[in-house]
>>> print(open('final_8.tsv').read())   # TSV, C-alpha atoms
chain	number	residue	atom	x	y	z
A	1	MET	CA	0.00	0.00	0.00
A	2	ASP	CA	1.35	3.44	-0.88
A	3	LEU	CA	0.81	6.66	1.11
A	4	LYS	CA	-2.13	7.80	-1.04
A	5	SER	CA	-3.91	4.50	-0.54
A	6	PHE	CA	-3.28	4.67	3.21
A	7	VAL	CA	-4.85	8.13	3.35
A	8	ASP	CA	-7.87	7.10	1.29
A	9	GLN	CA	-8.43	3.94	3.30
A	10	THR	CA	-7.88	5.50	6.75
A	11	TRP	CA	-9.84	8.73	6.36
A	12	GLY	CA	-12.25	7.67	3.62
A	13	LEU	CA	-10.99	10.24	1.13
A	14	THR	CA	-10.18	10.33	-2.55
A	15	CYS	CA	-6.70	11.79	-2.77
A	16	THR	CA	-6.04	13.45	-6.13
A	17	ALA	CA	-2.64	14.93	-5.28
A	18	LEU	CA	-0.08	14.74	-2.50
A	19	ILE	CA	2.34	17.67	-2.69
A	20	PRO	CA	5.37	17.89	-0.34
A	21	ILE	CA	5.69	21.08	1.71
A	22	GLU	CA	9.39	21.69	2.33
A	23	GLU	CA	9.36	24.63	4.75
A	24	GLY	CA	9.08	22.65	8.00
A	25	LEU	CA	12.22	21.81	9.95
A	26	ILE	CA	10.87	18.88	11.97
A	27	ASN	CA	7.87	16.94	10.60
A	28	HIS	CA	7.33	15.77	7.01
A	29	THR	CA	4.32	17.59	5.59
A	30	TRP	CA	2.18	17.36	2.46
A	31	LEU	CA	-0.69	19.34	0.96
A	32	LEU	CA	-3.35	16.75	0.22
A	33	ARG	CA	-5.94	17.58	-2.42
A	34	THR	CA	-9.30	15.88	-2.86
A	35	PRO	CA	-12.20	16.76	-5.19
A	36	THR	CA	-13.92	18.72	-2.40
A	37	HIS	CA	-11.33	19.89	0.18
A	38	ASN	CA	-7.66	20.51	0.81
A	39	TYR	CA	-5.96	18.91	3.81
A	40	ILE	CA	-2.56	18.92	5.51
A	41	LEU	CA	-1.01	15.48	6.04
A	42	GLN	CA	1.89	15.18	8.48
A	43	LYS	CA	4.26	12.39	9.40
A	44	ILE	CA	5.17	13.09	13.02
A	45	ASN	CA	8.89	13.05	13.75
A	46	VAL	CA	9.19	10.44	16.51
A	47	VAL	CA	12.85	11.28	17.07
A	48	VAL	CA	11.70	14.69	18.31
A	49	PHE	CA	8.26	13.76	19.64
A	50	LYS	CA	8.77	10.58	21.65
A	51	LYS	CA	5.06	10.11	22.42
A	52	PRO	CA	3.24	10.92	19.17
A	53	GLU	CA	-0.08	9.46	20.30
A	54	LYS	CA	-0.03	11.50	23.52
A	55	LEU	CA	0.97	14.59	21.55
A	56	GLN	CA	-1.97	14.18	19.21
A	57	GLU	CA	-4.40	13.31	22.01
A	58	GLN	CA	-3.61	16.63	23.72
A	59	LEU	CA	-3.80	18.65	20.50
A	60	GLN	CA	-7.07	17.00	19.54
A	61	ALA	CA	-8.59	17.98	22.91
A	62	LEU	CA	-7.17	21.50	22.66
A	63	SER	CA	-8.54	22.06	19.17
A	64	LYS	CA	-12.04	21.27	20.45
A	65	ALA	CA	-11.78	23.43	23.58
A	66	LEU	CA	-9.97	26.50	22.25
A	67	GLN	CA	-12.27	29.45	21.58
A	68	LEU	CA	-10.30	31.76	19.32
A	69	THR	CA	-11.48	35.26	18.47
A	70	GLY	CA	-10.74	36.28	14.90
A	71	LEU	CA	-8.55	33.25	14.19
A	72	VAL	CA	-9.24	29.88	12.57
A	73	PRO	CA	-8.34	26.95	14.86
A	74	LEU	CA	-6.69	23.75	13.71
A	75	GLU	CA	-9.18	20.98	12.96
A	76	PHE	CA	-7.86	17.43	13.05
A	77	ILE	CA	-9.73	14.77	11.10
A	78	GLU	CA	-10.91	12.03	13.43
A	79	VAL	CA	-11.96	8.45	12.79
A	80	ASP	CA	-13.66	6.72	15.71
A	81	GLY	CA	-12.35	9.40	18.07
A	82	LYS	CA	-8.72	9.09	16.93
A	83	SER	CA	-6.65	11.45	14.81
A	84	CYS	CA	-3.28	9.68	14.84
A	85	PHE	CA	-2.69	6.55	12.76
A	86	VAL	CA	0.25	4.25	12.00
A	87	PHE	CA	1.50	3.40	8.52
A	88	GLU	CA	4.75	1.51	7.93
A	89	ASN	CA	5.84	2.12	11.55
A	90	ALA	CA	5.31	5.88	11.24
A	91	TYR	CA	2.63	8.10	12.80
A	92	TYR	CA	0.42	10.26	10.62
A	93	ARG	CA	-2.29	12.87	11.24
A	94	LEU	CA	-4.55	14.83	8.97
A	95	GLN	CA	-6.08	18.28	9.41
A	96	LYS	CA	-8.18	20.58	7.30
A	97	ALA	CA	-6.12	23.05	5.34
A	98	ILE	CA	-6.86	26.66	6.25
A	99	TRP	CA	-7.68	27.71	2.73
A	100	PRO	CA	-7.25	30.14	1.11
A	101	SER	CA	-4.27	31.48	2.99
A	102	THR	CA	-0.63	32.30	2.51
A	103	THR	CA	2.61	32.63	4.45
A	104	LEU	CA	4.82	35.69	4.13
A	105	LYS	CA	8.56	35.90	3.55
A	106	THR	CA	8.86	39.66	4.03
A	107	ILE	CA	6.88	41.90	6.35
A	108	ASP	CA	6.37	45.52	7.34
A	109	VAL	CA	5.39	47.20	10.58
A	110	ALA	CA	1.66	46.78	9.91
A	111	VAL	CA	2.02	43.04	9.34
A	112	ALA	CA	4.10	42.69	12.50
A	113	ALA	CA	1.37	44.45	14.48
A	114	GLN	CA	-1.26	42.11	13.01
A	115	ALA	CA	0.78	39.08	14.05
A	116	ALA	CA	1.35	40.47	17.54
A	117	SER	CA	-2.40	40.98	17.92
A	118	ALA	CA	-3.01	37.41	16.77
A	119	LEU	CA	-0.52	36.01	19.27
A	120	SER	CA	-2.18	38.01	22.06
A	121	ALA	CA	-5.57	36.58	21.04
A	122	PHE	CA	-4.07	33.09	21.04
A	123	HIS	CA	-2.64	33.61	24.55
A	124	LEU	CA	-5.97	34.94	25.79
A	125	ALA	CA	-7.76	31.84	24.49
A	126	LEU	CA	-5.20	29.53	26.10
A	127	ASP	CA	-5.58	31.37	29.40
A	128	GLN	CA	-9.28	30.48	29.52
A	129	LEU	CA	-8.52	26.75	29.66
A	130	ASP	CA	-7.44	24.45	32.46
A	131	PHE	CA	-4.63	22.36	31.03
A	132	SER	CA	-2.48	22.37	34.17
A	133	ASN	CA	-1.67	18.68	33.59
A	134	TRP	CA	-0.41	19.31	30.05
A	135	GLU	CA	2.52	17.06	29.21
A	136	ALA	CA	5.37	18.82	27.42
A	137	PRO	CA	5.66	17.35	23.89
A	138	ILE	CA	9.46	17.60	24.06
A	139	PRO	CA	10.78	17.16	27.60
A	140	ASP	CA	12.82	20.17	28.77
A	141	PHE	CA	12.28	21.96	25.43
A	142	LEU	CA	12.23	25.33	27.21
A	143	ASP	CA	15.04	24.46	29.62
A	144	VAL	CA	17.88	26.87	28.90
A	145	GLN	CA	20.32	24.92	31.07
A	146	LYS	CA	19.65	21.84	28.95
A	147	ARG	CA	20.81	23.76	25.87
A	148	VAL	CA	23.96	24.96	27.64
A	149	THR	CA	24.75	21.43	28.85
A	150	ALA	CA	24.15	19.96	25.38
A	151	PHE	CA	26.44	22.60	23.88
A	152	ALA	CA	29.20	21.74	26.35
A	153	ALA	CA	28.84	18.02	25.59
A	154	ALA	CA	28.89	18.64	21.83
A	155	LYS	CA	32.15	20.57	22.14
A	156	GLN	CA	33.69	17.61	23.94
A	157	GLN	CA	32.46	14.98	21.48
A	158	ALA	CA	32.66	16.76	18.14
A	159	GLU	CA	34.82	15.60	15.27
A	160	LYS	CA	38.06	17.56	15.07
A	161	SER	CA	37.27	19.02	11.64
A	162	ARG	CA	33.89	20.38	12.75
A	163	LEU	CA	35.32	21.67	16.00
A	164	GLU	CA	38.00	23.60	14.12
A	165	LEU	CA	35.54	25.11	11.64
A	166	GLY	CA	33.22	26.15	14.44
A	167	GLN	CA	35.90	27.49	16.80
A	168	LYS	CA	35.39	31.21	16.15
A	169	ILE	CA	31.65	30.99	16.75
A	170	ILE	CA	32.21	28.81	19.82
A	171	GLU	CA	34.50	31.46	21.29
A	172	LYS	CA	32.01	34.25	20.59
A	173	LEU	CA	29.14	32.28	22.11
A	174	ASN	CA	31.21	31.55	25.20
A	175	THR	CA	31.43	35.32	25.83
A	176	GLN	CA	27.61	35.52	25.74
A	177	LEU	CA	26.98	32.98	28.50
A	178	PRO	CA	26.10	35.71	31.06
A	179	ALA	CA	23.32	36.96	28.75
A	180	ILE	CA	22.06	33.39	28.39
A	181	SER	CA	22.14	32.99	32.17
A	182	ALA	CA	20.03	36.15	32.56
A	183	TRP	CA	17.45	34.65	30.18
A	184	GLN	CA	17.53	31.39	32.12
A	185	ALA	CA	16.86	33.23	35.40
A	186	LEU	CA	13.88	35.03	33.83
A	187	CYS	CA	12.42	31.73	32.64
A	188	VAL	CA	12.66	30.32	36.15
A	189	THR	CA	11.11	33.27	37.99
A	190	GLU	CA	8.26	34.22	35.63
A	191	PRO	CA	4.80	32.59	36.03
A	192	LYS	CA	4.08	29.56	33.83
A	193	THR	CA	1.14	29.40	31.46
A	194	LEU	CA	0.33	27.60	28.22
A	195	ILE	CA	2.29	29.19	25.38
A	196	HIS	CA	2.66	28.43	21.69
A	197	ALA	CA	6.48	28.12	21.95
A	198	ASP	CA	7.10	28.51	18.20
A	199	PRO	CA	5.40	31.72	16.93
A	200	LYS	CA	7.78	32.21	14.03
A	201	LEU	CA	6.69	34.05	10.91
A	202	SER	CA	6.06	30.90	8.86
A	203	ASN	CA	3.55	29.69	11.48
A	204	PHE	CA	1.25	32.65	10.83
A	205	LEU	CA	-1.18	32.16	7.95
A	206	PHE	CA	-2.40	35.35	6.33
A	207	THR	CA	-5.21	36.28	3.97
A	208	GLN	CA	-4.06	36.19	0.38
A	209	ASP	CA	-3.56	39.95	0.31
A	210	GLY	CA	-1.19	39.55	3.30
A	211	LYS	CA	-3.00	42.12	5.41
A	212	LYS	CA	-4.71	39.99	8.06
A	213	VAL	CA	-3.75	36.91	10.08
A	214	ARG	CA	-6.06	33.94	9.53
A	215	ALA	CA	-4.42	31.42	11.86
A	216	LEU	CA	-1.47	30.57	14.07
A	217	ILE	CA	-0.53	27.01	13.18
A	218	ASP	CA	1.94	24.29	14.23
A	219	TRP	CA	0.77	23.61	17.77
A	220	ASP	CA	3.21	20.77	18.43
A	221	THR	CA	5.30	22.80	20.87
A	222	ILE	CA	2.43	24.17	22.97
A	223	GLN	CA	3.29	23.71	26.63
A	224	LEU	CA	3.53	25.38	30.02
A	225	GLY	CA	6.20	28.05	29.99
A	226	CYS	CA	7.18	31.67	30.43
A	227	VAL	CA	5.10	33.94	28.16
A	228	TYR	CA	8.23	35.98	27.38
A	229	TYR	CA	9.41	32.94	25.41
A	230	ASP	CA	6.74	33.59	22.78
A	231	TYR	CA	7.50	37.31	22.62
A	232	ALA	CA	11.20	36.57	22.22
A	233	ASP	CA	10.67	33.97	19.53
A	234	MET	CA	8.59	36.44	17.55
A	235	ILE	CA	11.46	38.92	17.80
A	236	ARG	CA	13.91	36.27	16.61
A	237	SER	CA	11.82	35.38	13.59
A	238	PHE	CA	10.25	38.72	12.65
A	239	CYS	CA	13.21	41.03	13.32
A	240	GLY	CA	15.81	39.06	11.40
A	241	ARG	CA	16.24	39.53	7.66
A	242	GLY	CA	16.68	35.77	7.16
A	243	GLU	CA	18.71	32.87	8.51
A	244	GLU	CA	20.63	32.58	5.26
A	245	LEU	CA	22.18	36.07	5.25
A	246	SER	CA	25.90	36.31	5.85
A	247	ALA	CA	27.48	37.89	8.91
A	248	GLU	CA	28.56	40.85	6.77
A	249	GLU	CA	24.97	41.92	6.07
A	250	GLN	CA	22.78	43.86	8.51
A	251	LEU	CA	20.35	41.37	10.03
A	252	PHE	CA	18.34	43.22	12.67
A	253	ARG	CA	15.19	45.20	11.83
A	254	SER	CA	14.77	47.77	14.57
A	255	ASP	CA	11.48	49.06	13.09
A	256	ILE	CA	9.84	45.66	13.53
A	257	PHE	CA	11.32	45.28	17.01
A	258	GLU	CA	9.87	48.61	18.12
A	259	ALA	CA	6.49	47.78	16.56
A	260	LEU	CA	6.27	44.45	18.39
A	261	LEU	CA	7.40	45.93	21.68
A	262	ALA	CA	4.70	48.61	21.39
A	263	CYS	CA	2.02	45.92	20.85
A	264	PHE	CA	2.72	43.91	23.98
A	265	ASP	CA	1.97	45.08	27.52
A	266	VAL	CA	5.26	43.89	29.01
A	267	ASN	CA	8.22	44.95	31.10
A	268	GLU	CA	10.66	46.36	28.53
A	269	ASP	CA	13.83	45.20	30.29
A	270	LYS	CA	12.49	41.65	30.56
A	271	PHE	CA	11.46	41.82	26.92
A	272	PHE	CA	15.02	42.65	25.91
A	273	ILE	CA	16.59	40.00	28.18
A	274	ALA	CA	14.24	37.40	26.72
A	275	ALA	CA	14.76	38.38	23.07
A	276	ARG	CA	18.55	38.54	23.31
A	277	GLY	CA	18.75	35.34	25.35
A	278	LEU	CA	16.45	33.28	23.17
A	279	ILE	CA	18.27	34.28	19.98
A	280	LEU	CA	21.60	33.36	21.58
A	281	VAL	CA	20.19	30.01	22.65
A	282	GLN	CA	18.97	29.40	19.08
A	283	SER	CA	22.48	30.13	17.84
A	284	MET	CA	23.76	27.64	20.40
A	285	ARG	CA	21.23	25.03	19.25
A	286	PHE	CA	22.28	25.36	15.61
A	287	LEU	CA	25.94	25.15	16.59
A	288	THR	CA	25.30	22.16	18.86
A	289	ASP	CA	23.56	20.35	16.01
A	290	TYR	CA	26.45	21.17	13.68
A	291	LEU	CA	28.94	19.74	16.17
A	292	ASN	CA	26.71	16.66	16.52
A	293	ASN	CA	26.78	16.06	12.75
A	294	ASP	CA	23.37	17.57	11.96
A	295	ILE	CA	21.06	15.09	13.66
A	296	TYR	CA	18.17	17.45	14.51
A	297	TYR	CA	17.59	20.14	11.90
A	298	LYS	CA	17.20	19.58	8.17
A	299	VAL	CA	20.26	20.94	6.37
A	300	LYS	CA	21.16	21.76	2.78
A	301	ASP	CA	24.88	21.04	3.18
A	302	ASP	CA	27.53	20.27	5.81
A	303	LEU	CA	27.96	23.92	6.79
A	304	HIS	CA	24.30	24.91	6.89
A	305	ASN	CA	23.93	24.74	10.68
A	306	LEU	CA	27.22	26.59	11.12
A	307	ARG	CA	25.96	29.45	8.96
A	308	ARG	CA	22.70	29.49	10.89
A	309	ALA	CA	24.58	29.67	14.19
A	310	ALA	CA	26.69	32.61	13.01
A	311	ASN	CA	23.62	34.37	11.65
A	312	GLN	CA	21.68	34.10	14.92
A	313	LEU	CA	24.68	35.18	16.99
A	314	ASN	CA	25.06	38.33	14.91
A	315	LEU	CA	21.34	39.00	15.11
A	316	ALA	CA	21.56	38.92	18.93
A	317	LEU	CA	24.56	41.27	18.91
A	318	GLU	CA	22.81	43.76	16.60
A	319	LEU	CA	19.72	43.66	18.83
A	320	GLU	CA	21.90	44.37	21.86
A	321	ALA	CA	23.61	47.27	20.08
A	322	HIS	CA	20.23	48.80	19.22
A	323	TRP	CA	19.02	48.42	22.79
A	324	LEU	CA	22.09	49.92	24.41
A	325	THR	CA	22.66	52.79	22.00
A	326	THR	CA	19.16	53.77	20.93
A	327	ARG	CA	16.81	52.86	23.74
A	328	ARG	CA	19.26	53.38	26.62
A	329	PRO	CA	17.36	51.53	29.36
A	330	THR	CA	17.67	52.79	32.93
A	331	GLN	CA	19.42	49.68	34.25
>>> encode(input="final_8.tsv", output="structure tokens")
Amino acid sequence: MDLKSFVDQTWGLTCTALIPIEEGLINHTWLLRTPTHNYILQKINVVVFKKPEKLQEQLQALSKALQLTGLVPLEFIEVDGKSCFVFENAYYRLQKAIWPSTTLKTIDVAVAAQAASALSAFHLALDQLDFSNWEAPIPDFLDVQKRVTAFAAAKQQAEKSRLELGQKIIEKLNTQLPAISAWQALCVTEPKTLIHADPKLSNFLFTQDGKKVRALIDWDTIQLGCVYYDYADMIRSFCGRGEELSAEEQLFRSDIFEALLACFDVNEDKFFIAARGLILVQSMRFLTDYLNNDIYYKVKDDLHNLRRAANQLNLALELEAHWLTTRRPTQ
């Protein structure tokens, strides 16, 4: 049985096309067309998500309970109360495509404000629910110390050639450990609530004219955490000019940063600590994966994760320069 036949047999559909979607870094995803509807088919990455059935059970319950204002929720396709099925030792799920919609590669201040408003609406909806027993889909995903420990282990175990190529970035990141520690302390002391934990630009679906957010997708990382994590991850994704730009190009968009900061009712100093710290941790994660021979993120070539690490490090440094020279906080 091929994948199309599995889909047709499991969900009772007539699949006319199965088109790979390449943007995702973790799961394998396809746009599934039928004569009447479009769907999104995903093969859950069990290396990342160790309990795929539990993951989907929680998301299925959340999708039914979440009352979103102005946003379209995810809708998983169930059969006999289940929405996660096994084919050739892999776990698959199907959801209705939010159609028509589009993702954006470039944004302006108005788009950033729309996305910030959508994230706030998403947080408000999550706050209305009692999911205090929510099980984190990736254990310790938000644990900053885990990232620091993994980075230290990767430096010890890395192949000599990769260690040598990454040495300059390793040294620069080592000087940023106090900033990462400040972010870690904020994560520990702030109240915990359900957060999205991956509100990057590609997870916002917009109307086709790009002027309004239709949905915030990819709920796999939803878990209890510090709300500043979501704010910081938006800064990382929205305020950078792209993970593929070289270190010689200006990466940080201060106009988008200021627009997002103005949209959220937050402590500005904490906002900065979170944004700088999270971006540095992302640099560390890319570099750790590079030193570990690219076992987590999809890569285009052997140096892809190294370039990503350098890019994120420079983004954090440009953000810091803007904060210290332009905003001049009181502390």
>>> residues_near_point(input="final_8.tsv", point="(3.3, 6.1, 10.2)", cutoff="10 Å", atoms="all atoms listed in the file", output="list in words")
Leu3, Phe6, Gln42, Lys43, Ile44, Asn45, Val46, Cys84, Phe85, Val86, Phe87, Glu88, Asn89, Ala90, Tyr91, Tyr92 and Arg93 of chain A
>>> closest_residue(input="final_8.tsv", among="A:Ile21, A:Leu41, A:Gln157, A:Trp99", to="Asp8 of chain A", atoms="all atoms listed in the file")
A:Leu41
>>> atom_distance(input="final_8.tsv", atom1="atom CA of Ser101 of chain A", atom2="atom CA of Val72 of chain A")
10.9 Å
>>> closest_residue(input="final_8.tsv", among="A:Ala97, A:Leu201, A:Leu119, A:Leu59", to="Cys263 of chain A", atoms="only C-alpha atoms")
A:Leu119
>>> closest_residue(input="final_8.tsv", among="A:Leu261, A:Val48, A:Ile77, A:Ile235", to="Pro139 of chain A", atoms="only C-alpha atoms")
A:Val48
>>> closest_residue(input="final_8.tsv", among="A:Gly277, A:Pro178, A:Pro73, A:Pro100", to="Ile217 of chain A", atoms="all atoms listed in the file")
A:Pro73
>>> atom_distance(input="final_8.tsv", atom1="atom CA of Ser63 of chain A", atom2="atom CA of Thr16 of chain A")
26.8 Å
>>> residues_around(input="final_8.tsv", residues="segment 296-300 of chain A", least_positions_apart="2", cutoff="7 Å", atoms="only C-alpha atoms", output="list in words")
Leu25, Ile26, Asp289, Asp294, His304 and Asn305 of chain A
>>> closest_residue(input="final_8.tsv", among="A:Leu62, A:Thr29, A:Cys239, A:Leu280", to="Asp130 of chain A", atoms="all atoms listed in the file")
A:Leu62
>>> closest_residue(input="final_8.tsv", among="A:Arg285, A:Arg33, A:Lys211, A:Lys82", to="Gln58 of chain A", atoms="all atoms listed in the file")
A:Lys82
>>> atom_distance(input="final_8.tsv", atom1="atom CA of Ser5 of chain A", atom2="atom CA of Lys51 of chain A")
25.3 Å
>>> residues_around(input="final_8.tsv", residues="segment 273-275 of chain A", least_positions_apart="6", cutoff="8 Å", atoms="only C-alpha atoms", output="tab-separated table (two decimals) with C-alpha atoms, in the coordinates of the input")
chain	number	residue	atom	x	y	z
A	179	ALA	CA	23.32	36.96	28.75
A	182	ALA	CA	20.03	36.15	32.56
A	183	TRP	CA	17.45	34.65	30.18
A	186	LEU	CA	13.88	35.03	33.83
A	228	TYR	CA	8.23	35.98	27.38
A	229	TYR	CA	9.41	32.94	25.41
A	231	TYR	CA	7.50	37.31	22.62
A	232	ALA	CA	11.20	36.57	22.22
A	233	ASP	CA	10.67	33.97	19.53
A	235	ILE	CA	11.46	38.92	17.80
A	236	ARG	CA	13.91	36.27	16.61
A	316	ALA	CA	21.56	38.92	18.93
>>> axis_aligned_box(input="final_8.tsv", around="segment 86-99 of chain A", padding_each_side="3 Å", output="JSON")
{"center_x": -1.2, "center_y": 14.6, "center_z": 7.8, "size_x": 20.0, "size_y": 32.2, "size_z": 16.1}
>>> residues_around(input="final_8.tsv", residues="Leu104 of chain A", least_positions_apart="6", cutoff="9 Å", atoms="only C-alpha atoms", output="JSON, numbers by chain")
{"A": [201, 202, 204, 205, 206, 210]}
>>> residues_around(input="final_8.tsv", residues="Asp108 of chain A", least_positions_apart="6", cutoff="10 Å", atoms="all atoms listed in the file", output="list in words")
Phe238, Arg253, Asp255, Ile256 and Ala259 of chain A
>>> residues_around(input="final_8.tsv", residues="Ala118 of chain A", least_positions_apart="4", cutoff="10 Å", atoms="only C-alpha atoms", output="list of chain:residue names")
A:Leu68, A:Thr69, A:Gly70, A:Leu71, A:Ala112, A:Ala113, A:Gln114, A:Phe122, A:His123, A:Leu124, A:Phe204, A:Lys212, A:Val213, A:Arg214, A:Ala215, A:Leu216
>>> closest_atom_pairs(input="final_8.tsv", of="segment 39-154 of chain A", to="segment 162-177 of chain A", cutoff="10 Å", atoms="all atoms listed in the file", output="CSV")
residue,atom,partner,partner_atom,distance
A:Val148,CA,A:Leu177,CA,8.6
A:Phe151,CA,A:Ile170,CA,9.4
A:Ala154,CA,A:Leu163,CA,9.2
